[in-house]
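**Student:** Starting off with a structure, shown below.
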Amino acid sequence: MQPSNNHAFIDSQNLNLGIRDCGWQLDFGRFRRYLADKYRVSKAFLFIGYVAGNEALYTYLQSVGYLVIFKPTLEHKKSDGTLHTKGNVDAELVLHAMIQYPNYDKAVIVSGDGDFHCLVEYLAKQGKLLRVIVPNRKKYSALLRRFIPYIVYLNDLERKLGKEKQKDGD
């Protein structure tokens with residue numbers, strides 16, 4: 001049986017966009033329960049760029065059991081004139097995984113981003129890596145492919161983790 005003091009470190013943007021690229025939307029409440037039930041995750045740190053006006057989302061995420069870690073965001077204009085909000089959480093996720101290191105038995109990293117290669121490699125060498133949860137099997141970094149024994153793909157879990165579709169007229 002897996003230890004029950006596991007922590008998840010979640011790149012929310014990579015998770016959200018990866019699942020959307022698969023054609024469905026993640027139910028974050030169901031995902032939190034999945035992490036607790038399947039991987040015995042006692043603490044789930046969710047790293048997200050802070051955008052004013054999204055307070056209801058942040059409150060919801062906290063209410064379903066995430067420890068939300070905010071990154072300040074910057075807005076810049078793209079070449080087509082549209083505004084783009086950027087809040088890269090990579091450094092915060094790695095830093096928190098290391099700050100929390102003595103406090104968990106195993107770590108679950110949720111991202112397909114190759115920027116986490118060094119963290120995944122270190123945790124694996126230390127025997128502290130439980131899983132790397134990749135949102136989209138078709139779109140993730142080749143740098144993570146050497147950790148295949150640890151990788152779980154969310155592509156096929158729409159039934160279990162997807163948002164309930166609204167019926168017309170609701």
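If you're wondering about the labels, chains in the structure tokens are A, B, ... by order shown, residues count from 1 in each chain, ligands from 1 in order shown.
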With stretch 111-130 of chain A as the partner and 12 Å as the cut-off, tabulate the residues of stretch 37-69 of chain A that qualify, each row holding the nearest pair of atoms and their distance in Å to one decimal, using only C-alpha atoms, sorted by chain and rising number, as a tab-separated table.
**Tutor:**
residue	atom	partner	partner_atom	distance
A:Lys38	CA	A:Leu130	CA	11.2
A:Tyr39	CA	A:Leu130	CA	8.0
A:Arg40	CA	A:Leu130	CA	10.3
A:Val41	CA	A:Leu130	CA	10.3
A:Leu46	CA	A:Ser111	CA	11.1
A:Phe47	CA	A:Ser111	CA	10.9
**Student:** Kindly export the residues of the current selection with N, CA and C atoms, as a PDB file, in the first residue's frame.
**Tutor:**
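Once everything was written out, this is out-v3.pdb:
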ATOM      1  N   LYS A  38      -6.749   7.654  -5.138  1.00  0.00           N
ATOM      2  CA  LYS A  38      -5.847   6.827  -5.946  1.00  0.00           C
ATOM      3  C   LYS A  38      -4.395   6.891  -5.459  1.00  0.00           C
ATOM      4  N   TYR A  39      -3.950   8.092  -5.063  1.00  0.00           N
ATOM      5  CA  TYR A  39      -2.538   8.282  -4.713  1.00  0.00           C
ATOM      6  C   TYR A  39      -2.318   8.699  -3.263  1.00  0.00           C
ATOM      7  N   ARG A  40      -3.403   8.679  -2.487  1.00  0.00           N
ATOM      8  CA  ARG A  40      -3.334   9.005  -1.062  1.00  0.00           C
ATOM      9  C   ARG A  40      -2.663  10.355  -0.814  1.00  0.00           C
ATOM     10  N   VAL A  41      -3.053  11.342  -1.625  1.00  0.00           N
ATOM     11  CA  VAL A  41      -2.515  12.696  -1.516  1.00  0.00           C
ATOM     12  C   VAL A  41      -3.226  13.425  -0.373  1.00  0.00           C
ATOM     13  N   LEU A  46      -1.778  23.697  -5.633  1.00  0.00           N
ATOM     14  CA  LEU A  46      -2.160  24.064  -6.985  1.00  0.00           C
ATOM     15  C   LEU A  46      -1.576  25.448  -7.287  1.00  0.00           C
ATOM     16  N   PHE A  47      -0.726  25.502  -8.286  1.00  0.00           N
ATOM     17  CA  PHE A  47      -0.012  26.729  -8.635  1.00  0.00           C
ATOM     18  C   PHE A  47      -0.734  27.399  -9.797  1.00  0.00           C
TER      19      PHE A  47
END
**Student:** As a PyMOL selection string, list the residues of chain A assigned to strand (DSSP E or B) by DSSP on the backbone atoms of this structure.
**Tutor:** chain A and resi 6-11+26+41-50+66-72+74-77+83-86+107-110+129-134+151-153+162
**Student:** Would you tabulate, counting only C-alpha atoms, all residues of stretch 47-147 of chain A that have an atom at most 6 Å from an atom of stretch 6-21 of chain A, showing the closest pair of atoms and their distance in Å to one decimal, sorted by chain then ascending number, as a tab-separated table?
**Tutor:**
residue	atom	partner	partner_atom	distance
A:Phe47	CA	A:Asp11	CA	5.5
A:Ile48	CA	A:Ser12	CA	5.7
A:Tyr104	CA	A:Asn6	CA	5.3
A:Asp105	CA	A:Asn6	CA	5.4
A:Lys106	CA	A:Asn6	CA	4.8
A:Ala107	CA	A:His7	CA	5.1
A:Val108	CA	A:Ala8	CA	4.5
A:Ile109	CA	A:Phe9	CA	5.1
A:Val110	CA	A:Ile10	CA	4.6
A:Ser111	CA	A:Asp11	CA	5.6
A:Pro135	CA	A:Gly18	CA	5.1
A:Asn136	CA	A:Gly18	CA	5.2
**Student:** If we count only C-alpha atoms, what is near A:Lys163 at a cut-off of 6 Å, once residues fewer than 2 positions away on the same chain are taken out, given as a ChimeraX atom specification?
**Tutor:** /A:25-27
**Student:** Quick one: write out the picked residues with C-alpha atoms as a compact mmCIF listing (two decimals), in the first residue's frame?
**Tutor:**
# COMPACT_ATOMS: atom_id res chain seq x y z
CA GLN A 25 -13.04 20.11 -19.13
CA LEU A 26 -11.65 18.90 -15.84
CA ASP A 27 -13.83 18.91 -12.75
**Student:** I need the helix (DSSP H, G or I) residues of chain A per DSSP on the backbone, written as a PyMOL selection string.
**Tutor:** chain A and resi 12-21+28-39+55-63+90-99+101-103+114-125+142-150+155-161
**Student:** Identify, on the basis of only C-alpha atoms, every residue whose closest approach to A:Ser63 does not exceed 9 Å; exclude the query and any residue fewer than 4 positions from it along the same chain; express the result as a list of chain:residue names.
**Tutor:** A:Gly29, A:Tyr58, A:Thr59
**Student:** Measure the distance from atom CA of A:Ala97 to atom CA of A:Tyr60 in Å and round it to one decimal.
**Tutor:**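 Distance between the two atoms: 23.1 Å.
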